[in-house]
file coords.cif (mmCIF, C-alpha atoms)
data_model
#
loop_
_atom_site.label_atom_id
_atom_site.label_comp_id
_atom_site.auth_asym_id
_atom_site.auth_seq_id
_atom_site.Cartn_x
_atom_site.Cartn_y
_atom_site.Cartn_z
CA MET A 1 -23.19 -1.21 15.23
CA LEU A 2 -21.98 -4.26 13.34
CA GLY A 3 -22.58 -2.66 9.95
CA LEU A 4 -20.57 0.47 10.76
CA SER A 5 -17.75 -1.47 12.43
CA VAL A 6 -17.41 -3.74 9.37
CA MET A 7 -17.38 -0.70 7.07
CA ILE A 8 -14.65 0.98 9.15
CA LEU A 9 -12.57 -2.19 9.16
CA SER A 10 -13.01 -2.71 5.41
CA VAL A 11 -11.84 0.79 4.52
CA ALA A 12 -8.95 0.69 7.03
CA ILE A 13 -7.71 -2.70 5.79
CA VAL A 14 -7.89 -1.81 2.09
CA LYS A 15 -6.13 1.50 2.66
CA GLY A 16 -3.59 -0.33 4.78
CA PHE A 17 -2.88 -2.82 1.98
CA LYS A 18 -2.53 -0.08 -0.62
CA LYS A 19 -0.25 2.01 1.61
CA GLU A 20 1.96 -0.79 2.93
CA VAL A 21 2.42 -2.73 -0.32
CA GLY A 22 2.76 0.43 -2.40
CA ASP A 23 5.25 2.02 0.01
CA ARG A 24 7.37 -1.14 0.17
CA ILE A 25 7.68 -1.40 -3.61
CA GLN A 26 8.37 2.34 -3.88
CA THR A 27 11.01 1.93 -1.16
CA PHE A 28 13.01 -0.38 -3.39
CA ALA A 29 12.18 0.64 -6.96
CA GLY A 30 11.35 4.33 -6.70
CA ASP A 31 8.27 5.95 -8.22
CA ILE A 32 9.56 6.40 -11.78
CA LYS A 33 12.38 4.51 -13.50
CA ILE A 34 14.33 6.01 -16.41
CA SER A 35 16.13 3.51 -18.64
CA ARG A 36 17.40 3.03 -22.16
CA LEU A 37 14.64 2.63 -24.76
CA ASP A 38 15.43 -0.67 -26.48
CA LEU A 39 14.28 -4.29 -26.72
CA ASN A 40 16.33 -5.41 -23.74
CA ALA A 41 13.98 -7.47 -21.55
CA SER A 42 16.60 -8.81 -19.11
CA TYR A 43 17.43 -7.52 -15.65
CA GLU A 44 20.78 -6.20 -16.90
CA ASN A 45 20.51 -2.60 -18.12
CA THR A 46 21.74 -1.14 -21.35
CA PRO A 47 24.06 1.70 -20.21
CA PHE A 48 23.85 5.36 -21.11
CA ASN A 49 25.76 8.46 -20.10
CA ASP A 50 25.05 10.01 -16.71
CA SER A 51 23.84 13.58 -17.25
CA ALA A 52 24.14 16.14 -14.47
CA ALA A 53 22.27 18.65 -16.63
CA LEU A 54 19.29 16.29 -17.03
CA THR A 55 19.21 15.59 -13.31
CA LYS A 56 19.29 19.29 -12.50
CA THR A 57 16.46 20.01 -14.96
CA LEU A 58 14.28 17.23 -13.54
CA LEU A 59 14.75 18.51 -9.99
CA LEU A 60 13.37 21.90 -11.02
CA ASN A 61 9.95 20.25 -10.98
CA LYS A 62 8.51 20.51 -7.45
CA GLN A 63 6.88 17.09 -7.86
CA ILE A 64 10.33 15.45 -8.17
CA THR A 65 12.25 15.13 -4.91
CA ASN A 66 15.22 12.97 -5.92
CA VAL A 67 16.95 11.46 -8.97
CA MET A 68 19.34 8.56 -8.25
CA PRO A 69 21.52 6.52 -10.65
CA PHE A 70 21.55 2.71 -10.47
CA ALA A 71 22.40 -0.42 -12.44
CA THR A 72 21.54 -4.12 -12.12
CA LYS A 73 23.49 -7.29 -12.89
CA ASN A 74 22.61 -10.99 -12.78
CA GLY A 75 24.52 -13.26 -10.46
CA ILE A 76 24.57 -16.49 -8.46
CA ILE A 77 25.25 -16.65 -4.73
CA LYS A 78 27.01 -19.74 -3.37
CA ALA A 79 26.98 -20.18 0.40
CA ASN A 80 26.68 -23.08 2.86
CA ASP A 81 26.42 -25.57 -0.01
CA GLU A 82 23.38 -23.67 -1.29
CA ILE A 83 23.00 -21.81 -4.59
CA GLU A 84 20.60 -18.96 -5.32
CA ALA A 85 20.13 -16.95 -8.55
CA ILE A 86 19.91 -13.26 -7.75
CA VAL A 87 20.02 -9.76 -9.25
CA MET A 88 22.40 -7.24 -7.76
CA LYS A 89 21.15 -3.67 -7.73
CA GLY A 90 24.03 -1.22 -7.62
CA VAL A 91 23.63 2.24 -6.07
CA ASP A 92 26.02 5.02 -5.08
CA LYS A 93 26.39 7.66 -2.38
CA GLN A 94 23.54 9.71 -3.91
CA TYR A 95 21.02 7.00 -3.01
CA ASP A 96 18.29 8.01 -0.55
CA TRP A 97 18.32 5.35 2.17
CA SER A 98 15.55 6.90 4.29
CA PHE A 99 12.88 4.59 2.85
CA LEU A 100 14.91 1.37 2.91
CA LYS A 101 16.15 1.94 6.48
CA GLN A 102 12.59 1.44 7.68
CA THR A 103 12.66 -2.16 6.39
CA LEU A 104 16.02 -3.11 7.92
CA VAL A 105 15.84 -6.19 10.12
CA SER A 106 19.46 -5.91 11.22
CA GLY A 107 22.68 -4.15 10.29
CA HIS A 108 23.06 -0.92 8.36
CA VAL A 109 23.13 0.44 4.82
CA ILE A 110 26.22 0.43 2.61
CA ASP A 111 28.93 2.88 3.72
CA PHE A 112 30.42 4.68 0.71
CA SER A 113 33.02 6.62 2.71
CA ASP A 114 35.61 3.96 1.83
CA THR A 115 35.29 3.31 -1.91
CA THR A 116 37.34 0.12 -1.71
CA ALA A 117 35.46 -1.43 1.22
CA SER A 118 32.04 -0.44 -0.21
CA LYS A 119 32.59 -2.75 -3.19
CA ARG A 120 32.61 -5.74 -0.82
CA GLN A 121 29.57 -4.67 1.19
CA ILE A 122 26.16 -6.08 0.31
CA MET A 123 22.59 -6.00 1.65
CA ILE A 124 20.36 -9.03 1.24
CA SER A 125 16.72 -9.76 2.05
CA GLN A 126 15.57 -11.85 5.00
CA TYR A 127 14.13 -14.31 2.46
CA THR A 128 17.54 -14.83 0.81
CA ALA A 129 19.29 -15.01 4.19
CA ASP A 130 16.94 -17.78 5.32
CA ARG A 131 17.29 -19.68 2.04
CA LEU A 132 21.11 -19.60 2.16
CA LYS A 133 21.40 -19.91 5.97
CA LEU A 134 23.21 -16.58 6.22
CA LYS A 135 23.26 -13.93 8.93
CA LEU A 136 24.58 -10.43 9.47
CA GLY A 137 28.38 -10.29 9.15
CA ASP A 138 28.67 -13.52 7.12
CA SER A 139 30.72 -13.61 3.92
CA PHE A 140 29.98 -15.40 0.67
CA VAL A 141 31.05 -15.54 -2.96
CA MET A 142 28.85 -14.26 -5.78
CA TYR A 143 29.39 -15.35 -9.38
CA PHE A 144 28.47 -12.86 -12.09
CA ILE A 145 27.13 -14.30 -15.32
CA GLN A 146 29.29 -13.00 -18.15
CA GLN A 147 32.18 -14.02 -20.37
CA PRO A 148 34.49 -14.79 -18.74
CA LEU A 149 32.64 -15.73 -15.52
CA ARG A 150 33.67 -13.50 -12.64
CA LYS A 151 33.34 -13.94 -8.90
CA ARG A 152 33.54 -11.49 -6.04
CA PRO A 153 33.54 -11.93 -2.23
CA PHE A 154 30.97 -10.00 -0.21
CA LYS A 155 30.22 -9.31 3.45
CA ILE A 156 26.63 -8.86 4.62
CA VAL A 157 26.26 -5.45 6.28
CA GLY A 158 22.46 -5.26 6.28
CA ILE A 159 19.40 -7.50 6.04
CA PHE A 160 16.11 -5.99 4.87
CA ASP A 161 12.57 -7.37 4.69
CA LEU A 162 10.27 -5.56 2.27
CA GLY A 163 7.58 -8.23 2.59
CA VAL A 164 7.06 -8.20 -1.18
CA GLU A 165 8.17 -11.60 -2.41
CA GLU A 166 8.78 -10.44 -5.99
CA VAL A 167 11.50 -8.13 -4.67
CA ASP A 168 12.80 -10.12 -1.68
CA LYS A 169 13.37 -13.24 -3.79
CA ALA A 170 15.14 -11.48 -6.65
CA PHE A 171 17.35 -8.65 -5.42
CA VAL A 172 20.36 -7.78 -3.31
CA ILE A 173 21.90 -4.28 -3.01
CA GLY A 174 25.55 -3.45 -3.68
CA ASP A 175 27.87 -0.77 -4.98
CA LEU A 176 27.24 0.73 -8.43
CA ALA A 177 31.00 1.16 -8.91
CA LEU A 178 31.47 -2.62 -8.78
CA ILE A 179 28.93 -3.16 -11.56
CA ARG A 180 30.72 -0.53 -13.65
CA ARG A 181 34.00 -2.38 -13.16
CA LEU A 182 32.49 -5.78 -13.98
CA ASN A 183 30.85 -4.42 -17.15
CA ASN A 184 33.93 -2.43 -18.16
CA TRP A 185 31.91 0.82 -18.07
CA ASN A 186 33.57 4.16 -17.49
CA GLU A 187 32.66 6.32 -14.49
CA ASN A 188 30.10 8.25 -16.54
CA LYS A 189 27.89 5.23 -17.36
CA VAL A 190 24.69 4.28 -15.50
CA GLY A 191 22.02 1.65 -16.02
CA GLY A 192 19.15 3.98 -15.19
CA TYR A 193 17.69 6.55 -12.81
CA GLU A 194 15.23 6.14 -9.96
CA VAL A 195 12.97 9.16 -9.54
CA ARG A 196 11.09 9.93 -6.32
CA VAL A 197 7.94 12.05 -6.50
CA ALA A 198 6.33 14.22 -3.85
CA ASN A 199 2.73 13.21 -4.65
CA PHE A 200 2.13 9.64 -5.79
CA ASP A 201 -1.37 10.55 -7.00
CA LYS A 202 0.28 12.70 -9.69
CA ILE A 203 2.78 10.05 -10.79
CA ASP A 204 1.38 9.74 -14.34
CA GLU A 205 1.45 13.51 -14.81
CA THR A 206 5.04 13.62 -13.51
CA ALA A 207 6.06 10.73 -15.79
CA ASP A 208 4.71 12.64 -18.80
CA PHE A 209 6.77 15.66 -17.75
CA VAL A 210 9.90 13.50 -17.48
CA ASN A 211 9.33 11.83 -20.86
CA ASN A 212 9.00 15.24 -22.52
CA LEU A 213 12.47 16.19 -21.24
CA LEU A 214 14.25 12.92 -22.04
CA PRO A 215 16.22 12.36 -25.26
CA THR A 216 14.74 9.90 -27.76
CA ASN A 217 16.93 7.01 -26.55
CA LEU A 218 15.54 7.14 -22.97
CA LYS A 219 12.09 6.48 -21.53
CA ALA A 220 10.43 6.87 -18.12
CA TYR A 221 8.32 4.05 -16.66
CA THR A 222 6.07 4.45 -13.62
CA ILE A 223 6.14 1.90 -10.83
CA THR A 224 2.53 1.01 -11.67
CA GLU A 225 3.77 -0.12 -15.09
CA SER A 226 6.80 -2.01 -13.77
CA TYR A 227 4.75 -3.86 -11.14
CA ALA A 228 1.42 -3.84 -12.96
CA SER A 229 0.12 -7.12 -11.47
CA ILE A 230 0.50 -5.89 -7.89
CA PHE A 231 -1.14 -2.52 -8.50
CA GLU A 232 -3.99 -4.10 -10.49
CA TRP A 233 -4.59 -6.38 -7.51
CA LEU A 234 -4.71 -3.34 -5.23
CA LYS A 235 -7.30 -1.73 -7.53
CA LEU A 236 -9.49 -4.83 -7.22
CA LEU A 237 -9.52 -4.32 -3.45
CA ASP A 238 -11.32 -1.00 -4.00
CA ILE A 239 -14.15 -2.84 -5.78
CA ASN A 240 -14.40 -5.33 -2.90
CA THR A 241 -14.62 -2.46 -0.43
CA GLN A 242 -17.39 -0.75 -2.38
CA ILE A 243 -19.41 -3.99 -2.44
CA ILE A 244 -18.93 -4.49 1.32
CA LEU A 245 -19.95 -0.90 2.07
CA VAL A 246 -23.15 -1.22 0.03
CA LEU A 247 -24.06 -4.58 1.58
CA MET A 248 -23.43 -3.40 5.14
CA LEU A 249 -25.41 -0.21 4.57
CA VAL A 250 -28.34 -2.19 3.13
CA VAL A 251 -28.29 -4.57 6.11
CA ALA A 252 -28.15 -1.67 8.58
CA VAL A 253 -31.03 0.14 6.85
CA ILE A 254 -33.19 -3.02 6.73
CA ASN A 255 -32.59 -3.60 10.44
CA MET A 256 -33.55 -0.02 11.28
CA ILE A 257 -36.71 -0.20 9.13
CA SER A 258 -37.70 -3.42 10.91
CA ALA A 259 -37.07 -1.85 14.31
CA LEU A 260 -39.13 1.24 13.45
CA LEU A 261 -42.05 -0.82 12.12
CA ILE A 262 -42.06 -2.93 15.29
CA MET A 263 -42.06 0.23 17.44
CA ILE A 264 -44.98 1.68 15.49
CA LEU A 265 -47.01 -1.54 15.69
CA GLU A 266 -46.34 -1.89 19.41
CA ARG A 267 -47.50 1.70 19.97
CA THR A 268 -50.66 1.51 17.83
CA SER A 269 -52.97 2.31 20.72
CA MET A 270 -50.74 5.19 21.84
CA ILE A 271 -50.82 6.64 18.31
CA GLY A 272 -54.64 6.39 18.34
CA MET A 273 -54.88 8.22 21.67
CA LEU A 274 -52.48 10.96 20.52
CA LYS A 275 -54.51 11.47 17.35
CA ALA A 276 -57.73 11.55 19.38
CA MET A 277 -56.22 14.32 21.51
CA GLY A 278 -55.42 16.37 18.38
CA ALA A 279 -51.84 15.40 17.57
CA SER A 280 -50.99 15.68 13.87
CA ASN A 281 -49.45 12.90 11.81
CA MET A 282 -46.26 14.95 11.40
CA ALA A 283 -45.88 15.41 15.15
CA ILE A 284 -46.29 11.68 15.80
CA GLN A 285 -43.86 10.85 12.98
CA LYS A 286 -41.30 13.14 14.62
CA ILE A 287 -41.62 11.20 17.89
CA PHE A 288 -40.72 7.91 16.18
CA LEU A 289 -37.99 9.46 14.01
CA ILE A 290 -36.38 11.03 17.09
CA ASN A 291 -36.46 7.65 18.80
CA ALA A 292 -34.96 6.07 15.67
CA PHE A 293 -32.26 8.77 15.66
CA TYR A 294 -31.44 7.82 19.25
CA LEU A 295 -31.07 4.15 18.27
CA ILE A 296 -28.97 5.03 15.21
CA GLY A 297 -26.76 7.32 17.31
CA LEU A 298 -26.23 4.60 19.91
CA GLY A 299 -25.39 2.12 17.15
CA LEU A 300 -22.89 4.57 15.62
CA ILE A 301 -21.14 5.08 18.97
CA LEU A 302 -20.88 1.34 19.62
CA GLY A 303 -19.88 0.69 15.99
CA ASN A 304 -17.05 3.23 16.22
CA LEU A 305 -15.85 1.75 19.49
CA LEU A 306 -15.85 -1.78 18.05
CA GLY A 307 -14.40 -0.94 14.61
CA LEU A 308 -11.74 1.51 15.78
CA GLY A 309 -10.94 -0.71 18.75
CA VAL A 310 -10.17 -3.69 16.50
CA CYS A 311 -8.15 -1.40 14.22
CA PHE A 312 -6.13 -0.09 17.18
CA ILE A 313 -5.40 -3.58 18.48
CA GLN A 314 -4.36 -4.88 15.03
CA TYR A 315 -2.24 -1.80 14.27
CA ASN A 316 -0.24 -2.19 17.49
CA THR A 317 -0.07 -5.99 17.86
CA HIS A 318 -0.43 -7.45 14.31
CA VAL A 319 -2.38 -10.27 15.89
CA LEU A 320 -4.16 -11.15 12.61
CA LYS A 321 -1.62 -12.87 10.34
CA LEU A 322 -1.58 -13.47 6.58
CA ASP A 323 0.19 -15.77 4.14
CA GLN A 324 2.92 -13.49 2.79
CA ALA A 325 3.25 -15.51 -0.44
CA SER A 326 -0.38 -14.71 -1.33
CA TYR A 327 -0.91 -11.24 0.16
CA TYR A 328 2.62 -9.68 0.11
CA MET A 329 2.23 -9.06 3.85
CA LYS A 330 2.77 -11.13 7.01
CA PHE A 331 -0.12 -9.41 8.82
CA VAL A 332 -3.34 -7.53 8.09
CA PRO A 333 -2.28 -3.88 7.59
CA ILE A 334 -4.35 -1.02 8.98
CA SER A 335 -4.48 2.61 7.84
CA ILE A 336 -7.10 4.80 9.55
CA SER A 337 -8.20 8.08 8.02
CA TRP A 338 -10.37 10.16 10.34
CA ILE A 339 -11.97 11.79 7.30
CA ASP A 340 -13.13 8.35 6.12
CA VAL A 341 -14.50 7.53 9.59
CA ALA A 342 -16.39 10.84 9.71
CA LEU A 343 -17.82 10.32 6.21
CA LEU A 344 -18.93 6.76 7.03
CA ASN A 345 -20.70 7.97 10.18
CA ALA A 346 -22.35 10.92 8.47
CA GLY A 347 -23.37 8.87 5.43
CA THR A 348 -24.85 6.06 7.53
CA LEU A 349 -26.79 8.51 9.71
CA ILE A 350 -28.20 10.55 6.80
CA ILE A 351 -29.14 7.56 4.63
CA ALA A 352 -30.75 5.70 7.54
CA LEU A 353 -32.86 8.71 8.57
CA LEU A 354 -33.95 9.43 5.00
CA VAL A 355 -34.96 5.81 4.44
CA LEU A 356 -36.86 5.68 7.77
CA ILE A 357 -39.19 8.47 6.63
CA ILE A 358 -41.02 5.93 4.42
CA PRO A 359 -41.97 3.40 7.16
CA SER A 360 -42.85 6.28 9.50
CA LEU A 361 -45.68 7.14 7.06
CA LEU A 362 -47.45 4.10 8.48
CA VAL A 363 -48.53 6.46 11.26
CA THR A 364 -50.83 8.25 8.83
CA ARG A 365 -52.65 4.96 8.07
CA ILE A 366 -53.64 4.32 11.67
CA SER A 367 -57.23 5.31 12.53
CA PRO A 368 -57.65 6.61 16.10
CA VAL A 369 -61.10 4.92 16.47
CA LYS A 370 -59.82 1.49 15.42
CA ALA A 371 -56.61 1.87 17.45
CA ILE A 372 -58.46 2.73 20.67
CA ARG A 373 -61.07 -0.01 20.08
CA PHE A 374 -58.19 -2.49 19.49
CA LYS A 375 -56.81 -1.58 22.90
#
call {"tool": "encode", "arguments": {"input": "coords.cif", "output": "structure tokens"}}
result
Amino acid sequence: MLGLSVMILSVAIVKGFKKEVGDRIQTFAGDIKISRLDLNASYENTPFNDSAALTKTLLLNKQITNVMPFATKNGIIKANDEIEAIVMKGVDKQYDWSFLKQTLVSGHVIDFSDTTASKRQIMISQYTADRLKLKLGDSFVMYFIQQPLRKRPFKIVGIFDLGVEEVDKAFVIGDLALIRRLNNWNENKVGGYEVRVANFDKIDETADFVNNLLPTNLKAYTITESYASIFEWLKLLDINTQIILVLMLVVAVINMISALLIMILERTSMIGMLKAMGASNMAIQKIFLINAFYLIGLGLILGNLLGLGVCFIQYNTHVLKLDQASYYMKFVPISISWIDVALLNAGTLIIALLVLIIPSLLVTRISPVKAIRFK
């Protein structure tokens, strides 16, 4: 029971981490980023010409669901006697807000229906709002680092909380047209493209397809390359899960072997009498294996109730909290796959029964004469 419940929880938590953290980063940065191929290592992009033909060609691939232009620019926010360095990510009306809307704490996304008003609208993270003592509807001035230094007033229309500190600390979201104006770009210039894919498992294959279509001055980078440290950490969780599964399975098997040996030793006289009456070793072994199957089945039922019960409570209440600075999440995430639960149950049952065949051979070593005399 305990072994199976721990295995269910381990798989659910690891899958939850991978899904939640991965989805949150993808929400903000997309799956694939296309940018200028140069030695520019800053947050500010080297511009290139927006190409409707390239976008149309990329969308012909069924794995690509959206291609969105963007640009970034460094700035400093001054508000309530506080100063915070920040990067403004500029997007336009083509941007797919469906992912980011799920992380909104308050407010709404930028409204591009009024091109003049949209340049003053901005979305900030809950982290930045807390640091600068700002709330929805507040206004502040942002200074953009360039020569000469420029400043622009903004009004907060939305506050988001991705839960990924690397993003929440660094970025705000504004209008791409404003960045074009600040950088003296024409309307045809962009800093890059965000590409959404239909199947994240095929992201490398899709990135290769994109790179083959791009001109020599552009390159596509996957999100796993851009945020390598986070995704490497998520891969390490898989190793931890495998170790836990093996340990729990070993413990469960050892416990079942011990239980079966105790049952056989306690029933020594019964085994002797059954043999004296003509029962074969195989028939007696079946009796103990059927009893062991009953115990394993009962343990599986209780283990499922305990493991899935804890998962259900955590999924709905988030009662188990985490340090967001260390784990990118405020709570322990849960993602239950019924296929995983079924495989864990089937694997535990099959392995336990196969292993129990060996101790059940002890039945063949018991002499009916000695067993009855012992009684």
call {"tool": "closest_residue", "arguments": {"input": "coords.cif", "among": "A:Ile296, A:Leu54, A:Leu2, A:Ile159", "to": "Lys135 in chain A", "atoms": "only C-alpha atoms"}}
result
A:Ile159
call {"tool": "resolve_selection", "arguments": {"input": "coords.cif", "expression": "the PyMOL selection byres ((chain A and resi 205-210) around 9)", "output": "list in words"}}
result
Ile32, Ile34, Leu58, Asn61, Gln63, Ile64, Val197, Asp201, Lys202, Ile203, Asp204, Asn211, Asn212, Leu213, Leu214, Lys219, Ala220, Tyr221 and Thr222 of chain A
call {"tool": "residues_around", "arguments": {"input": "coords.cif", "residues": "Leu306 in chain A", "least_positions_apart": "3", "cutoff": "10 Å", "atoms": "only C-alpha atoms", "output": "ChimeraX atom specification"}}
result
/A:1-2,4-6,8-9,300-303,309-312
call {"tool": "closest_residue", "arguments": {"input": "coords.cif", "among": "A:Thr224, A:Leu308, A:Lys119, A:Leu234", "to": "Ile336 in chain A", "atoms": "all atoms listed in the file"}}
result
A:Leu308
call {"tool": "residues_near_point", "arguments": {"input": "coords.cif", "point": "(25.6, -12.6, -6.6)", "cutoff": "6 Å", "atoms": "all atoms listed in the file", "output": "PyMOL selection string"}}
result
chain A and resi 75-77+86+142-143
call {"tool": "resolve_selection", "arguments": {"input": "coords.cif", "expression": "the PyMOL selection byres ((chain A and resi 160) around 8)", "output": "compact mmCIF listing (two decimals) with C-alpha atoms, in the frame of the given file"}}
result
# COMPACT_ATOMS: atom_id res chain seq x y z
CA LEU A 100 14.91 1.37 2.91
CA THR A 103 12.66 -2.16 6.39
CA LEU A 104 16.02 -3.11 7.92
CA VAL A 105 15.84 -6.19 10.12
CA SER A 106 19.46 -5.91 11.22
CA MET A 123 22.59 -6.00 1.65
CA ILE A 124 20.36 -9.03 1.24
CA SER A 125 16.72 -9.76 2.05
CA GLN A 126 15.57 -11.85 5.00
CA GLY A 158 22.46 -5.26 6.28
CA ILE A 159 19.40 -7.50 6.04
CA ASP A 161 12.57 -7.37 4.69
CA LEU A 162 10.27 -5.56 2.27
call {"tool": "resolve_selection", "arguments": {"input": "coords.cif", "expression": "the PyMOL selection byres ((chain A and resi 260-265) around 10)", "output": "compact mmCIF listing (two decimals) with C-alpha atoms, in the frame of the given file"}}
result
# COMPACT_ATOMS: atom_id res chain seq x y z
CA ILE A 254 -33.19 -3.02 6.73
CA ASN A 255 -32.59 -3.60 10.44
CA MET A 256 -33.55 -0.02 11.28
CA ILE A 257 -36.71 -0.20 9.13
CA SER A 258 -37.70 -3.42 10.91
CA ALA A 259 -37.07 -1.85 14.31
CA GLU A 266 -46.34 -1.89 19.41
CA ARG A 267 -47.50 1.70 19.97
CA THR A 268 -50.66 1.51 17.83
CA SER A 269 -52.97 2.31 20.72
CA MET A 270 -50.74 5.19 21.84
CA ILE A 271 -50.82 6.64 18.31
CA GLN A 285 -43.86 10.85 12.98
CA PHE A 288 -40.72 7.91 16.18
CA LEU A 289 -37.99 9.46 14.01
CA ASN A 291 -36.46 7.65 18.80
CA ALA A 292 -34.96 6.07 15.67
CA LEU A 295 -31.07 4.15 18.27
CA LEU A 356 -36.86 5.68 7.77
CA ILE A 357 -39.19 8.47 6.63
CA PRO A 359 -41.97 3.40 7.16
CA SER A 360 -42.85 6.28 9.50
CA LEU A 362 -47.45 4.10 8.48
CA VAL A 363 -48.53 6.46 11.26
CA ILE A 366 -53.64 4.32 11.67
call {"tool": "residues_around", "arguments": {"input": "coords.cif", "residues": "Asn45 in chain A", "least_positions_apart": "2", "cutoff": "7 Å", "atoms": "all atoms listed in the file", "output": "JSON, numbers by chain"}}
result
{"A": [43, 47, 71, 72, 191]}
call {"tool": "atom_distance", "arguments": {"input": "coords.cif", "atom1": "CA of Gln242 in chain A", "atom2": "CA of Ser229 in chain A"}}
result
20.7 Å
call {"tool": "atom_distance", "arguments": {"input": "coords.cif", "atom1": "CA of Ala79 in chain A", "atom2": "CA of Lys133 in chain A"}}
result
7.9 Å
call {"tool": "atom_distance", "arguments": {"input": "coords.cif", "atom1": "CA of Leu344 in chain A", "atom2": "CA of Tyr328 in chain A"}}
result
28.0 Å
call {"tool": "residues_around", "arguments": {"input": "coords.cif", "residues": "Leu176 in chain A", "least_positions_apart": "6", "cutoff": "6 Å", "atoms": "all atoms listed in the file", "output": "list in words"}}
result
Gly90, Val91 and Asp92 of chain A
call {"tool": "residues_around", "arguments": {"input": "coords.cif", "residues": "Asn80 in chain A", "least_positions_apart": "6", "cutoff": "12 Å", "atoms": "all atoms listed in the file", "output": "PDB file with C-alpha atoms, in the frame of the given file"}}
result
ATOM      1  CA  ALA A 129      19.290 -15.010   4.190  1.00  0.00           C
ATOM      2  CA  ASP A 130      16.940 -17.780   5.320  1.00  0.00           C
ATOM      3  CA  ARG A 131      17.290 -19.680   2.040  1.00  0.00           C
ATOM      4  CA  LEU A 132      21.110 -19.600   2.160  1.00  0.00           C
ATOM      5  CA  LYS A 133      21.400 -19.910   5.970  1.00  0.00           C
ATOM      6  CA  LEU A 134      23.210 -16.580   6.220  1.00  0.00           C
ATOM      7  CA  LYS A 135      23.260 -13.930   8.930  1.00  0.00           C
ATOM      8  CA  ASP A 138      28.670 -13.520   7.120  1.00  0.00           C
ATOM      9  CA  SER A 139      30.720 -13.610   3.920  1.00  0.00           C
ATOM     10  CA  PHE A 140      29.980 -15.400   0.670  1.00  0.00           C
ATOM     11  CA  VAL A 141      31.050 -15.540  -2.960  1.00  0.00           C
TER      12      VAL A 141
END
call {"tool": "closest_residue", "arguments": {"input": "coords.cif", "among": "A:Glu232, A:Asp96, A:Asp38, A:Glu187", "to": "Leu218 in chain A", "atoms": "only C-alpha atoms"}}
result
A:Asp38
call {"tool": "closest_residue", "arguments": {"input": "coords.cif", "among": "A:Lys286, A:Lys78, A:Lys275, A:Arg196", "to": "Ser98 in chain A", "atoms": "only C-alpha atoms"}}
result
A:Arg196
call {"tool": "residues_around", "arguments": {"input": "coords.cif", "residues": "Phe28 in chain A", "least_positions_apart": "3", "cutoff": "9 Å", "atoms": "all atoms listed in the file", "output": "MDAnalysis selection string"}}
result
chainID A and resid 23:25 99:100 162 167
call {"tool": "closest_residue", "arguments": {"input": "coords.cif", "among": "A:Ile287, A:Ala53, A:Val164, A:Ile350", "to": "Tyr327 in chain A", "atoms": "only C-alpha atoms"}}
result
A:Val164
call {"tool": "axis_aligned_box", "arguments": {"input": "coords.cif", "around": "range 248-263 of chain A", "padding_each_side": "5 Å", "output": "AutoDock Vina command-line options"}}
result
--center_x -32.7 --center_y -1.7 --center_z 10.3 --size_x 28.6 --size_y 15.8 --size_z 24.3
call {"tool": "closest_residue", "arguments": {"input": "coords.cif", "among": "A:Thr55, A:Thr364, A:Ser226, A:Gln147", "to": "Gln94 in chain A", "atoms": "all atoms listed in the file"}}
result
A:Thr55
call {"tool": "decode", "arguments": {"input": "coords.cif", "residues": "range 164-180 of chain A", "atoms": "C-alpha atoms", "output": "PDB file, in the first residue's frame"}}
result
ATOM      1  CA  VAL A 164       8.946  31.458 -12.803  1.00  0.00           C
ATOM      2  CA  GLU A 165      11.220  33.956 -11.111  1.00  0.00           C
ATOM      3  CA  GLU A 166      13.584  34.273 -14.089  1.00  0.00           C
ATOM      4  CA  VAL A 167      10.681  35.686 -16.109  1.00  0.00           C
ATOM      5  CA  ASP A 168       8.686  37.495 -13.405  1.00  0.00           C
ATOM      6  CA  LYS A 169      11.731  39.451 -12.216  1.00  0.00           C
ATOM      7  CA  ALA A 170      12.899  40.518 -15.669  1.00  0.00           C
ATOM      8  CA  PHE A 171       9.975  41.253 -17.986  1.00  0.00           C
ATOM      9  CA  VAL A 172       6.971  43.483 -18.553  1.00  0.00           C
ATOM     10  CA  ILE A 173       4.736  43.398 -21.663  1.00  0.00           C
ATOM     11  CA  GLY A 174       3.943  46.410 -23.845  1.00  0.00           C
ATOM     12  CA  ASP A 175       3.224  47.481 -27.398  1.00  0.00           C
ATOM     13  CA  LEU A 176       5.659  46.525 -30.164  1.00  0.00           C
ATOM     14  CA  ALA A 177       4.854  49.788 -31.981  1.00  0.00           C
ATOM     15  CA  LEU A 178       6.317  51.780 -29.075  1.00  0.00           C
ATOM     16  CA  ILE A 179       9.616  49.889 -29.271  1.00  0.00           C
ATOM     17  CA  ARG A 180       9.724  50.564 -33.010  1.00  0.00           C
TER      18      ARG A 180
END
